[in-house]
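**Student:** Here you go, work15.csv (CSV, C-alpha atoms and all ligand atoms):
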chain,number,residue,atom,x,y,z
T,1,MET,CA,-100.9,-3.9,-6.0
T,2,SER,CA,-104.6,-3.5,-5.3
T,3,ALA,CA,-104.8,-5.7,-2.1
T,4,ILE,CA,-105.0,-3.7,1.1
T,5,PRO,CA,-102.0,-4.7,3.3
T,6,PRO,CA,-102.9,-6.4,6.5
T,7,PRO,CA,-102.3,-4.5,9.8
T,8,PRO,CA,-99.2,-5.4,11.8
T,9,PRO,CA,-99.7,-8.4,14.2
T,10,ALA,CA,-100.3,-7.3,17.8
T,11,GLY,CA,-97.0,-8.9,18.8
T,12,LEU,CA,-95.1,-6.3,16.9
T,13,SER,CA,-95.7,-3.7,19.5
T,14,SER,CA,-93.6,-0.6,20.1
T,15,ALA,CA,-92.4,-2.4,23.3
T,16,GLU,CA,-90.7,-5.0,21.0
T,17,ARG,CA,-89.1,-2.3,19.0
T,18,ASP,CA,-87.9,-0.5,22.1
T,19,ARG,CA,-86.4,-3.8,23.4
T,20,ILE,CA,-84.5,-4.2,20.1
T,21,LEU,CA,-83.2,-0.6,20.2
T,22,ALA,CA,-82.2,-0.9,23.9
T,23,LYS,CA,-80.3,-4.1,23.2
T,24,SER,CA,-78.6,-2.5,20.2
T,25,ALA,CA,-77.5,0.5,22.3
T,26,LEU,CA,-75.4,-1.8,24.5
T,27,PHE,CA,-73.2,-2.4,21.5
T,28,ASN,CA,-72.7,1.2,20.5
T,29,PRO,CA,-69.3,2.3,19.2
T,30,PRO,CA,-66.9,4.5,21.2
T,31,PRO,CA,-67.5,8.2,20.8
T,32,PRO,CA,-66.0,9.6,17.6
T,33,VAL,CA,-63.4,11.7,19.4
T,34,LEU,CA,-59.6,11.6,18.9
T,35,THR,CA,-57.2,11.2,21.9
T,36,ASP,CA,-56.3,14.9,21.5
T,37,GLY,CA,-60.0,15.8,22.0
T,38,ARG,CA,-60.8,16.7,18.4
T,39,ARG,CA,-64.2,15.6,17.2
T,40,GLU,CA,-65.0,13.7,14.0
T,41,LEU,CA,-67.4,15.7,11.8
T,42,VAL,CA,-68.2,12.8,9.4
T,43,GLY,CA,-71.4,11.1,10.7
T,44,LEU,CA,-72.9,14.2,12.4
T,45,SER,CA,-76.4,15.0,11.3
T,46,ARG,CA,-77.1,18.5,9.9
T,47,GLU,CA,-78.6,19.4,13.3
T,48,GLU,CA,-75.6,18.2,15.3
T,49,LEU,CA,-73.3,20.0,12.9
T,50,ALA,CA,-75.3,23.2,13.4
T,51,ALA,CA,-75.2,22.7,17.2
T,52,GLU,CA,-71.4,22.4,17.1
T,53,MET,CA,-71.2,25.6,15.1
T,54,LEU,CA,-73.5,27.4,17.6
T,55,ALA,CA,-71.3,26.2,20.4
T,56,MET,CA,-68.4,27.9,18.7
T,57,GLY,CA,-70.4,31.1,18.4
T,58,GLU,CA,-70.9,30.7,14.6
T,59,LYS,CA,-74.0,31.1,12.5
T,60,PRO,CA,-76.0,28.1,11.2
T,61,PHE,CA,-74.8,28.8,7.6
T,62,ARG,CA,-71.4,27.5,8.7
T,63,ALA,CA,-72.9,24.0,9.0
T,64,LYS,CA,-74.3,24.3,5.5
T,65,GLN,CA,-70.9,25.3,4.2
T,66,LEU,CA,-69.2,22.5,6.0
T,67,TRP,CA,-71.7,20.0,4.8
T,68,HIS,CA,-71.0,21.0,1.2
T,69,TRP,CA,-67.2,20.6,1.7
T,70,ILE,CA,-67.4,17.3,3.5
T,71,TYR,CA,-70.1,15.5,1.4
T,72,HIS,CA,-70.3,17.3,-1.9
T,73,GLN,CA,-66.6,18.1,-2.4
T,74,GLY,CA,-65.2,15.3,-0.4
T,75,VAL,CA,-62.4,17.3,1.2
T,76,THR,CA,-60.7,16.1,4.4
T,77,ASP,CA,-58.5,19.2,5.0
T,78,PHE,CA,-60.1,22.4,6.4
T,79,ALA,CA,-57.4,24.4,4.5
T,80,ALA,CA,-59.0,23.4,1.2
T,81,MET,CA,-62.3,25.1,2.2
T,82,SER,CA,-61.9,28.2,0.1
T,83,SER,CA,-65.3,29.7,0.9
T,84,ILE,CA,-64.3,29.9,4.6
T,85,ALA,CA,-61.9,32.6,5.9
T,86,ALA,CA,-58.5,31.4,7.0
T,87,PRO,CA,-58.8,32.3,10.7
T,88,MET,CA,-62.1,30.3,10.9
T,89,ARG,CA,-60.5,27.3,9.1
T,90,ALA,CA,-57.8,27.3,11.7
T,91,ARG,CA,-60.3,27.4,14.5
T,92,LEU,CA,-62.2,24.5,12.9
T,93,ALA,CA,-59.0,22.5,12.5
T,94,GLU,CA,-58.2,22.9,16.3
T,95,ARG,CA,-61.5,21.4,17.2
T,96,PHE,CA,-62.5,18.9,14.5
T,97,VAL,CA,-61.3,16.3,12.0
T,98,ILE,CA,-62.8,15.0,8.8
T,99,GLY,CA,-61.6,11.5,9.0
T,100,ARG,CA,-61.4,8.4,6.8
T,101,PRO,CA,-61.0,4.8,8.0
T,102,GLU,CA,-57.6,3.4,7.9
T,103,VAL,CA,-57.1,0.9,5.0
T,104,ALA,CA,-55.8,-2.3,6.6
T,105,LEU,CA,-56.0,-4.2,3.3
T,106,ALA,CA,-57.1,-3.3,-0.2
T,107,GLN,CA,-57.4,-5.8,-3.0
T,108,THR,CA,-58.7,-5.8,-6.6
T,109,SER,CA,-60.0,-9.0,-8.1
T,110,LYS,CA,-59.4,-10.2,-11.7
T,111,ASP,CA,-63.0,-9.2,-12.3
T,112,GLU,CA,-62.3,-5.7,-11.0
T,113,THR,CA,-64.2,-6.3,-7.7
T,114,ARG,CA,-62.5,-4.2,-5.1
T,115,LYS,CA,-62.4,-4.9,-1.5
T,116,TRP,CA,-61.2,-3.1,1.6
T,117,LEU,CA,-60.6,-4.1,5.1
T,118,PHE,CA,-61.1,-0.9,7.1
T,119,ARG,CA,-59.7,-0.4,10.5
T,120,TRP,CA,-61.3,2.0,13.0
T,121,ARG,CA,-59.7,4.0,15.8
T,122,ASP,CA,-60.3,1.2,18.4
T,123,GLY,CA,-58.6,-1.3,16.2
T,124,GLN,CA,-61.9,-3.1,15.1
T,125,GLN,CA,-62.2,-3.9,11.4
T,126,VAL,CA,-64.9,-4.4,8.8
T,127,GLU,CA,-65.0,-5.1,5.1
T,128,THR,CA,-66.4,-3.1,2.3
T,129,VAL,CA,-66.7,-4.3,-1.3
T,130,TYR,CA,-67.2,-2.5,-4.6
T,131,ILE,CA,-68.8,-4.6,-7.3
T,132,PRO,CA,-68.6,-3.0,-10.7
T,133,ASP,CA,-71.2,-3.7,-13.3
T,134,PRO,CA,-69.3,-5.6,-16.0
T,135,GLU,CA,-71.3,-4.1,-18.8
T,136,GLU,CA,-71.5,-0.5,-17.7
T,137,ASP,CA,-69.4,2.1,-15.9
T,138,ARG,CA,-71.2,1.9,-12.6
T,139,GLY,CA,-71.4,-0.4,-9.6
T,140,ALA,CA,-72.6,-1.2,-6.1
T,141,VAL,CA,-70.8,-0.6,-2.8
T,142,CYS,CA,-71.6,-3.2,-0.3
T,143,ILE,CA,-71.3,-1.7,3.2
T,144,SER,CA,-71.2,-3.3,6.7
T,145,THR,CA,-73.1,-2.1,9.7
T,146,GLN,CA,-71.6,-4.2,12.6
T,147,VAL,CA,-68.3,-5.8,13.6
T,148,GLY,CA,-69.4,-9.4,13.6
T,149,CYS,CA,-73.0,-10.4,13.9
T,150,THR,CA,-75.4,-11.7,16.5
T,151,LEU,CA,-77.3,-13.9,14.1
T,152,SER,CA,-75.7,-17.2,13.3
T,153,CYS,CA,-77.0,-17.8,9.8
T,154,ARG,CA,-75.5,-21.2,9.0
T,155,PHE,CA,-74.3,-20.5,5.5
T,156,CYS,CA,-72.6,-17.3,6.5
T,157,HIS,CA,-69.0,-16.9,7.5
T,158,THR,CA,-69.6,-13.6,9.3
T,159,GLY,CA,-72.1,-15.5,11.4
T,160,THR,CA,-69.3,-17.4,12.9
T,161,GLN,CA,-67.8,-14.2,14.3
T,162,LYS,CA,-69.6,-13.0,17.4
T,163,LEU,CA,-70.9,-9.5,17.6
T,164,VAL,CA,-68.2,-7.1,18.9
T,165,ARG,CA,-70.0,-3.8,18.4
T,166,ASN,CA,-72.2,-1.7,16.2
T,167,LEU,CA,-70.6,0.7,13.7
T,168,GLY,CA,-71.4,4.3,14.3
T,169,ALA,CA,-72.9,6.6,11.6
T,170,ALA,CA,-69.4,8.0,10.9
T,171,GLU,CA,-68.1,4.5,10.2
T,172,ILE,CA,-71.0,3.5,8.0
T,173,VAL,CA,-70.8,6.7,5.9
T,174,GLY,CA,-67.0,6.5,6.1
T,175,GLN,CA,-67.0,3.2,4.2
T,176,PHE,CA,-68.8,4.8,1.3
T,177,ILE,CA,-66.8,8.0,1.1
T,178,ALA,CA,-63.5,6.1,1.4
T,179,ALA,CA,-64.6,3.9,-1.5
T,180,ARG,CA,-65.3,7.1,-3.5
T,181,ASP,CA,-61.9,8.4,-2.6
T,182,ALA,CA,-60.4,5.3,-4.2
T,183,TYR,CA,-62.2,6.1,-7.5
T,184,GLY,CA,-61.8,9.9,-7.2
T,185,GLU,CA,-65.5,10.4,-7.5
T,186,TRP,CA,-65.6,13.9,-6.0
T,187,PRO,CA,-67.3,16.3,-6.2
T,188,SER,CA,-70.6,14.3,-5.9
T,189,PRO,CA,-72.0,13.9,-9.4
T,190,LYS,CA,-75.3,15.8,-9.7
T,191,ASP,CA,-78.6,15.1,-11.5
T,192,ASP,CA,-78.1,12.9,-14.5
T,193,VAL,CA,-74.3,12.7,-14.4
T,194,PRO,CA,-73.5,9.0,-14.3
T,195,ARG,CA,-71.9,7.8,-11.1
T,196,ARG,CA,-69.4,5.0,-10.9
T,197,LEU,CA,-70.4,4.2,-7.4
T,198,SER,CA,-74.0,4.3,-8.3
T,199,THR,CA,-75.8,2.1,-5.7
T,200,ILE,CA,-75.3,1.0,-2.1
T,201,VAL,CA,-76.3,-2.4,-0.8
T,202,VAL,CA,-76.3,-2.6,3.0
T,203,MET,CA,-75.5,-6.3,2.9
T,204,GLY,CA,-72.0,-6.5,4.4
T,205,MET,CA,-71.2,-7.7,7.8
T,206,GLY,CA,-73.9,-7.5,10.4
T,207,GLU,CA,-77.7,-7.1,10.6
T,208,PRO,CA,-78.5,-3.4,9.8
T,209,LEU,CA,-81.9,-3.6,11.6
T,210,TYR,CA,-80.1,-4.6,14.8
T,211,ASN,CA,-78.1,-1.3,14.4
T,212,TYR,CA,-81.0,0.7,13.2
T,213,GLU,CA,-80.3,4.2,14.7
T,214,ASN,CA,-76.7,4.4,13.4
T,215,THR,CA,-77.6,2.9,10.0
T,216,ALA,CA,-80.6,5.2,9.6
T,217,LYS,CA,-78.5,8.2,10.5
T,218,ALA,CA,-75.8,7.2,8.0
T,219,LEU,CA,-78.3,6.6,5.2
T,220,ARG,CA,-79.9,10.0,5.8
T,221,ILE,CA,-76.5,11.7,5.4
T,222,ILE,CA,-75.8,9.7,2.2
T,223,MET,CA,-79.2,10.6,0.8
T,224,ASP,CA,-79.0,14.3,1.6
T,225,ALA,CA,-79.3,16.1,-1.8
T,226,GLU,CA,-76.8,18.8,-0.8
T,227,GLY,CA,-74.1,16.3,-0.2
T,228,ILE,CA,-73.6,12.8,-1.6
T,229,GLY,CA,-77.2,12.9,-2.8
T,230,LEU,CA,-77.7,9.2,-3.5
T,231,SER,CA,-81.4,8.6,-3.9
T,232,ARG,CA,-83.2,6.2,-1.7
T,233,ARG,CA,-84.1,4.2,-4.8
T,234,ARG,CA,-80.4,3.5,-5.2
T,235,ILE,CA,-80.0,2.1,-1.8
T,236,THR,CA,-81.0,-1.4,-0.8
T,237,LEU,CA,-81.1,-2.6,2.8
T,238,SER,CA,-80.9,-6.3,3.4
T,239,THR,CA,-82.3,-7.9,6.5
T,240,SER,CA,-82.6,-11.4,7.8
T,241,GLY,CA,-86.1,-10.5,8.9
T,242,VAL,CA,-86.1,-8.3,12.0
T,243,VAL,CA,-89.8,-7.8,11.5
T,244,PRO,CA,-90.5,-5.1,14.1
T,245,MET,CA,-87.9,-2.8,12.6
T,246,MET,CA,-88.9,-3.4,8.9
T,247,ASP,CA,-91.9,-1.2,9.3
T,248,ARG,CA,-89.9,1.6,10.7
T,249,CYS,CA,-87.2,1.3,8.1
T,250,GLY,CA,-89.9,1.5,5.3
T,251,GLN,CA,-91.7,4.5,6.9
T,252,GLU,CA,-88.6,6.5,7.8
T,253,LEU,CA,-86.0,5.7,5.1
T,254,GLY,CA,-88.0,4.3,2.2
T,255,VAL,CA,-85.0,2.5,0.8
T,256,ASN,CA,-85.4,-0.7,-1.2
T,257,LEU,CA,-85.7,-3.8,0.8
T,258,ALA,CA,-83.9,-7.1,0.4
T,259,VAL,CA,-84.8,-10.1,2.6
T,260,SER,CA,-82.6,-13.1,3.3
T,261,LEU,CA,-85.1,-15.8,2.9
T,262,HIS,CA,-83.2,-19.0,2.0
T,263,ALA,CA,-85.9,-21.5,2.9
T,264,VAL,CA,-89.6,-22.0,2.3
T,265,THR,CA,-90.5,-23.9,5.5
T,266,ASP,CA,-90.1,-22.7,9.0
T,267,ALA,CA,-88.5,-26.0,10.0
T,268,LEU,CA,-85.6,-25.4,7.5
T,269,ARG,CA,-85.4,-21.7,8.0
T,270,ASP,CA,-85.2,-22.1,11.7
T,271,GLU,CA,-82.0,-24.0,11.1
T,272,ILE,CA,-80.5,-21.9,8.3
T,273,VAL,CA,-81.5,-18.5,9.6
T,274,PRO,CA,-82.1,-19.0,13.3
T,275,LEU,CA,-83.8,-15.5,13.6
T,276,ASN,CA,-86.8,-17.3,12.0
T,277,ARG,CA,-87.6,-18.9,15.4
T,278,LYS,CA,-88.5,-15.4,16.5
T,279,TYR,CA,-90.1,-14.0,13.4
T,280,PRO,CA,-91.3,-16.9,11.2
T,281,ILE,CA,-91.9,-16.8,7.5
T,282,ALA,CA,-95.6,-15.8,7.7
T,283,GLU,CA,-94.8,-12.8,9.8
T,284,LEU,CA,-91.8,-11.9,7.7
T,285,LEU,CA,-93.8,-12.0,4.5
T,286,ALA,CA,-96.6,-10.0,6.1
T,287,ALA,CA,-94.1,-7.3,6.9
T,288,CYS,CA,-92.9,-7.4,3.3
T,289,ARG,CA,-96.5,-6.9,2.1
T,290,ARG,CA,-96.9,-3.8,4.2
T,291,TYR,CA,-93.5,-2.4,3.3
T,292,PRO,CA,-94.2,1.1,2.0
T,293,GLY,CA,-93.5,1.8,-1.7
T,294,ALA,CA,-93.2,-1.8,-2.7
T,295,SER,CA,-94.5,-2.0,-6.3
T,296,ASN,CA,-93.7,-3.6,-9.6
T,297,ALA,CA,-91.3,-0.7,-10.2
T,298,ARG,CA,-89.7,-1.2,-6.8
T,299,ARG,CA,-89.8,-4.9,-6.0
T,300,ILE,CA,-88.6,-6.5,-2.8
T,301,THR,CA,-85.6,-8.7,-3.4
T,302,PHE,CA,-85.6,-12.1,-1.8
T,303,GLU,CA,-82.1,-13.5,-1.4
T,304,TYR,CA,-82.0,-17.3,-1.7
T,305,VAL,CA,-78.6,-19.1,-1.2
T,306,MET,CA,-78.5,-22.3,-3.2
T,307,LEU,CA,-77.5,-25.2,-0.9
T,308,ARG,CA,-77.1,-28.6,-2.6
T,309,GLY,CA,-79.8,-31.1,-1.5
T,310,VAL,CA,-80.9,-28.7,1.3
T,311,ASN,CA,-83.2,-26.1,-0.2
T,312,ASP,CA,-82.8,-26.4,-3.9
T,313,SER,CA,-85.6,-28.7,-5.1
T,314,GLU,CA,-88.2,-27.8,-7.7
T,315,ALA,CA,-90.9,-28.5,-5.1
T,316,GLU,CA,-89.3,-25.8,-2.9
T,317,ALA,CA,-89.2,-23.4,-5.9
T,318,ARG,CA,-93.0,-24.0,-6.4
T,319,GLU,CA,-93.6,-23.4,-2.7
T,320,LEU,CA,-91.6,-20.2,-3.0
T,321,VAL,CA,-93.9,-19.1,-5.8
T,322,ARG,CA,-96.9,-19.8,-3.6
T,323,LEU,CA,-95.5,-17.9,-0.7
T,324,LEU,CA,-94.6,-14.8,-2.8
T,325,ARG,CA,-98.0,-14.7,-4.6
T,326,GLY,CA,-99.2,-11.1,-4.8
T,327,LEU,CA,-95.9,-9.6,-3.7
T,328,PRO,CA,-93.9,-7.4,-6.0
T,329,ALA,CA,-90.8,-9.5,-5.7
T,330,LYS,CA,-87.7,-10.7,-7.4
T,331,VAL,CA,-85.5,-13.6,-6.3
T,332,ASN,CA,-81.7,-13.5,-6.3
T,333,LEU,CA,-80.3,-17.0,-6.5
T,334,ILE,CA,-76.9,-17.0,-4.9
T,335,PRO,CA,-74.5,-19.8,-5.4
T,336,PHE,CA,-73.2,-20.8,-2.0
T,337,ASN,CA,-69.6,-19.6,-1.4
T,338,PRO,CA,-67.9,-22.3,0.7
T,339,TRP,CA,-65.5,-21.3,3.5
T,340,PRO,CA,-63.3,-23.6,5.6
T,341,GLY,CA,-65.5,-25.7,7.8
T,342,SER,CA,-68.8,-24.6,6.2
T,343,PRO,CA,-71.5,-27.3,6.4
T,344,TYR,CA,-72.9,-26.9,2.9
T,345,GLN,CA,-72.1,-27.4,-0.8
T,346,THR,CA,-73.4,-25.2,-3.5
T,347,SER,CA,-76.2,-26.5,-5.8
T,348,THR,CA,-75.2,-27.7,-9.2
T,349,HIS,CA,-75.7,-25.4,-12.2
T,350,GLU,CA,-78.4,-27.7,-13.5
T,351,GLN,CA,-80.4,-27.7,-10.3
T,352,THR,CA,-80.0,-23.9,-9.9
T,353,ALA,CA,-81.3,-23.5,-13.5
T,354,LYS,CA,-84.3,-25.8,-12.8
T,355,PHE,CA,-85.1,-23.8,-9.7
T,356,ALA,CA,-84.9,-20.5,-11.6
T,357,ALA,CA,-87.1,-21.9,-14.4
T,358,VAL,CA,-89.9,-22.6,-12.0
T,359,LEU,CA,-89.7,-19.0,-10.7
T,360,ASN,CA,-89.4,-17.5,-14.1
T,361,GLU,CA,-92.4,-19.4,-15.4
T,362,ALA,CA,-94.4,-17.9,-12.5
T,363,GLY,CA,-93.4,-14.4,-13.6
T,364,TYR,CA,-90.7,-13.8,-11.0
T,365,SER,CA,-87.4,-12.5,-12.2
T,366,SER,CA,-84.7,-14.8,-10.7
T,367,PRO,CA,-81.2,-13.9,-11.7
T,368,ILE,CA,-78.5,-16.3,-10.7
T,369,ARG,CA,-75.8,-14.1,-9.1
T,370,ARG,CA,-72.5,-14.5,-10.7
T,371,PRO,CA,-69.8,-15.2,-8.1
T,372,ARG,CA,-67.6,-12.1,-7.9
T,373,GLY,CA,-64.2,-11.5,-6.5
T,374,ARG,CA,-63.7,-15.1,-5.5
T,375,ASP,CA,-59.9,-14.8,-6.0
T,376,ILE,CA,-59.8,-12.1,-3.4
T,377,LEU,CA,-62.3,-13.7,-1.0
T,378,ALA,CA,-64.8,-10.9,-1.6
T,379,ALA,CA,-67.7,-13.1,-0.6
T,380,CYS,CA,-69.4,-11.9,2.5
T,381,GLY,CA,-67.5,-12.4,5.7
T,382,GLN,CA,-64.4,-13.9,4.1
T,383,LEU,CA,-62.1,-10.9,4.1
T,384,LYS,CA,-61.9,-10.1,7.8
T,385,THR,CA,-60.7,-13.6,8.8
T,386,GLU,CA,-58.3,-13.8,5.9
T,387,GLY,CA,-57.0,-10.3,6.7
T,388,GLU,CA,-56.2,-11.5,10.2
T,389,ARG,CA,-54.5,-14.6,8.9
T,390,LEU,CA,-52.3,-12.6,6.5
T,391,ARG,CA,-51.4,-10.1,9.2
T,392,ARG,CA,-50.4,-12.9,11.6
T,393,ALA,CA,-48.4,-14.5,8.9
T,394,ALA,CA,-46.6,-11.2,8.1
T,395,GLY,CA,-46.0,-10.2,11.7
F,401,LIG,S1,-76.1,-13.5,6.7
F,401,LIG,FE1,-76.0,-11.4,7.6
F,401,LIG,S2,-77.4,-11.6,9.4
F,401,LIG,FE2,-76.8,-13.7,8.9
F,401,LIG,S3,-75.0,-14.2,10.1
F,401,LIG,FE3,-74.3,-13.4,8.1
F,401,LIG,S4,-73.9,-11.2,8.4
F,401,LIG,FE4,-75.3,-11.9,10.1
Could you rewrite the structure in this file as structure tokens?
**Tutor:**
Amino acid sequence: MSAIPPPPPAGLSSAERDRILAKSALFNPPPPVLTDGRRELVGLSREELAAEMLAMGEKPFRAKQLWHWIYHQGVTDFAAMSSIAAPMRARLAERFVIGRPEVALAQTSKDETRKWLFRWRDGQQVETVYIPDPEEDRGAVCISTQVGCTLSCRFCHTGTQKLVRNLGAAEIVGQFIAARDAYGEWPSPKDDVPRRLSTIVVMGMGEPLYNYENTAKALRIIMDAEGIGLSRRRITLSTSGVVPMMDRCGQELGVNLAVSLHAVTDALRDEIVPLNRKYPIAELLAACRRYPGASNARRITFEYVMLRGVNDSEAEARELVRLLRGLPAKVNLIPFNPWPGSPYQTSTHEQTAKFAAVLNEAGYSSPIRRPRGRDILAACGQLKTEGERLRRAAG
């Protein structure tokens, strides 16, 4: 793109960012320490791991060794760390654990979509979904960043569950490594070796930019080349438009960006995605235009849920084209996934196709997302509630 991106509006000051981070900190998770005092190693940054080793009187290279065993080899037992002498392994096991979330529920759909309800030490639960590519031996892991959500997007089931707390870095990384355990994808494939769990979409429960510090820490761990080594190009973070944090995300993490747009006028978006009242469409799109690294090779994805008679007219498609002009973008059209009590119906196939045709004619790729895992309620936000219902029924 040749146009020079506009500077951020004055309203997006660091004070606004600080306010968001301070509010987010109120919802931080409990410390990752077991009742017997042992500390969780998953989720520590390299520097924190080195500090723990130093506190034990060990040299920094121990942290490098541990990193390799935890994130490259995927071991959970210190006894398996053959490059570390037995007495040291015993000392580590006295002080630390390499944990995994407890699987409260795991289901595989007819279309091979797999879904887990993970339970953390304080009993809170989130869902994680693996969506295989039907044509190839790879797929995306959709991870959650919060228990519940503060944003009440009207089409979203998770939005009906109030925010309980943020997930910690250990819990965010933990979802991905537990999914890899399930497919036995250890050690981490290197270089060109194909990965079955090949991409991450941060699109599960919660708004990741309202839990920025923990999400960023987790993604840095996942991207570290000496561990899991998933490139930033294979990670997409989805936001409903927390504009002040989008700049920081782009500068610090450089992952792909997806934006939940869902409407082309502020009046409608205020209703469907209430965060719009704070950061309206023009500000949101300006933040997209300045997002670092956005190019035709790395387009910004706009998510657009198709709601019958609400946001799916061809006139709205044309307005969308106008709004996106000049932005390297693609639009994912998502058939609405109804849930009990949801106020909307999904658009007809014909209407969705007409909407897509307007976008395609204007040069925007606009795939219609195929519903996946419907038989196991894999759609965002459905699993947690269903898991609770099943458990109540069983117990
Ligand atoms: S769509 Fe995302 S941000 Fe909106 S309520 Fe659902 S989980 Fe929260």
**Student:** Env of region 298-306 of chain T: 7 Å cut, atoms = all atoms listed in the file, seq-sep filter 2 positions within chain, self excluded. Answer as a list of chain:residue names.
**Tutor:**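 Result of the neighbour search: T:Asn256, T:Leu257, T:Ala258, T:Val259, T:Ser260, T:Leu261, T:His262, T:Ala294, T:Ser295, T:Asn296, T:Arg308, T:Asn311, T:Asp312, T:Pro328, T:Ala329, T:Lys330, T:Val331, T:Asn332, T:Leu333, T:Ile334, T:Pro335, T:Phe336, T:Thr346, T:Ser347.
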**Student:** Could those selected residues go to a file with C-alpha atoms, as a compact mmCIF listing (two decimals), in the coordinates of the input?
**Tutor:**
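Wrote part-v3.txt, looks like this:
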# COMPACT_ATOMS: atom_id res chain seq x y z
CA ASN T 256 -85.40 -0.70 -1.20
CA LEU T 257 -85.70 -3.80 0.80
CA ALA T 258 -83.90 -7.10 0.40
CA VAL T 259 -84.80 -10.10 2.60
CA SER T 260 -82.60 -13.10 3.30
CA LEU T 261 -85.10 -15.80 2.90
CA HIS T 262 -83.20 -19.00 2.00
CA ALA T 294 -93.20 -1.80 -2.70
CA SER T 295 -94.50 -2.00 -6.30
CA ASN T 296 -93.70 -3.60 -9.60
CA ARG T 308 -77.10 -28.60 -2.60
CA ASN T 311 -83.20 -26.10 -0.20
CA ASP T 312 -82.80 -26.40 -3.90
CA PRO T 328 -93.90 -7.40 -6.00
CA ALA T 329 -90.80 -9.50 -5.70
CA LYS T 330 -87.70 -10.70 -7.40
CA VAL T 331 -85.50 -13.60 -6.30
CA ASN T 332 -81.70 -13.50 -6.30
CA LEU T 333 -80.30 -17.00 -6.50
CA ILE T 334 -76.90 -17.00 -4.90
CA PRO T 335 -74.50 -19.80 -5.40
CA PHE T 336 -73.20 -20.80 -2.00
CA THR T 346 -73.40 -25.20 -3.50
CA SER T 347 -76.20 -26.50 -5.80
**Student:** Residues within 7 Å of ligand LIG 401 (chain F), counting all atoms listed in the file: report them as a PyMOL selection string.
**Tutor:** chain T and resi 149-153+156-159+203-207+239-240+273
**Student:** With all atoms listed in the file counted, which protein, DNA or RNA residues have an atom no more than 8 Å from (-66.1, 13.6, 14.8) in the file frame? Please answer as an mmCIF file with C-alpha atoms, in the coordinates of the input.
**Tutor:**
data_model
loop_
_atom_site.group_PDB
_atom_site.id
_atom_site.type_symbol
_atom_site.label_atom_id
_atom_site.label_comp_id
_atom_site.auth_asym_id
_atom_site.auth_seq_id
_atom_site.Cartn_x
_atom_site.Cartn_y
_atom_site.Cartn_z
ATOM 1 C CA PRO T 32 -66.000 9.600 17.600
ATOM 2 C CA VAL T 33 -63.400 11.700 19.400
ATOM 3 C CA LEU T 34 -59.600 11.600 18.900
ATOM 4 C CA ARG T 38 -60.800 16.700 18.400
ATOM 5 C CA ARG T 39 -64.200 15.600 17.200
ATOM 6 C CA GLU T 40 -65.000 13.700 14.000
ATOM 7 C CA LEU T 41 -67.400 15.700 11.800
ATOM 8 C CA VAL T 42 -68.200 12.800 9.400
ATOM 9 C CA GLY T 43 -71.400 11.100 10.700
ATOM 10 C CA LEU T 44 -72.900 14.200 12.400
ATOM 11 C CA PHE T 96 -62.500 18.900 14.500
ATOM 12 C CA VAL T 97 -61.300 16.300 12.000
ATOM 13 C CA ILE T 98 -62.800 15.000 8.800
ATOM 14 C CA GLY T 99 -61.600 11.500 9.000
ATOM 15 C CA ALA T 170 -69.400 8.000 10.900
#
**Student:** I'd like the neighbourhood of Gln146 (chain T) as a VMD selection string, where a residue qualifies if any of its atoms comes within 12 Å (using all atoms listed in the file), though same-chain residues fewer than 2 positions away should be ignored.
**Tutor:** chain T and resid 24 27 to 29 124 to 128 143 to 144 148 to 151 158 to 159 161 to 169 171 to 172 202 to 212 214 to 215 381
**Student:** Residues of the last selection are to be written out with C-alpha atoms, as a compact mmCIF listing (two decimals), in the coordinates of the input.
**Tutor:**
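See part-v7.txt below for the written result:
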# COMPACT_ATOMS: atom_id res chain seq x y z
CA SER T 24 -78.60 -2.50 20.20
CA PHE T 27 -73.20 -2.40 21.50
CA ASN T 28 -72.70 1.20 20.50
CA PRO T 29 -69.30 2.30 19.20
CA GLN T 124 -61.90 -3.10 15.10
CA GLN T 125 -62.20 -3.90 11.40
CA VAL T 126 -64.90 -4.40 8.80
CA GLU T 127 -65.00 -5.10 5.10
CA THR T 128 -66.40 -3.10 2.30
CA ILE T 143 -71.30 -1.70 3.20
CA SER T 144 -71.20 -3.30 6.70
CA GLY T 148 -69.40 -9.40 13.60
CA CYS T 149 -73.00 -10.40 13.90
CA THR T 150 -75.40 -11.70 16.50
CA LEU T 151 -77.30 -13.90 14.10
CA THR T 158 -69.60 -13.60 9.30
CA GLY T 159 -72.10 -15.50 11.40
CA GLN T 161 -67.80 -14.20 14.30
CA LYS T 162 -69.60 -13.00 17.40
CA LEU T 163 -70.90 -9.50 17.60
CA VAL T 164 -68.20 -7.10 18.90
CA ARG T 165 -70.00 -3.80 18.40
CA ASN T 166 -72.20 -1.70 16.20
CA LEU T 167 -70.60 0.70 13.70
CA GLY T 168 -71.40 4.30 14.30
CA ALA T 169 -72.90 6.60 11.60
CA GLU T 171 -68.10 4.50 10.20
CA ILE T 172 -71.00 3.50 8.00
CA VAL T 202 -76.30 -2.60 3.00
CA MET T 203 -75.50 -6.30 2.90
CA GLY T 204 -72.00 -6.50 4.40
CA MET T 205 -71.20 -7.70 7.80
CA GLY T 206 -73.90 -7.50 10.40
CA GLU T 207 -77.70 -7.10 10.60
CA PRO T 208 -78.50 -3.40 9.80
CA LEU T 209 -81.90 -3.60 11.60
CA TYR T 210 -80.10 -4.60 14.80
CA ASN T 211 -78.10 -1.30 14.40
CA TYR T 212 -81.00 0.70 13.20
CA ASN T 214 -76.70 4.40 13.40
CA THR T 215 -77.60 2.90 10.00
CA GLY T 381 -67.50 -12.40 5.70
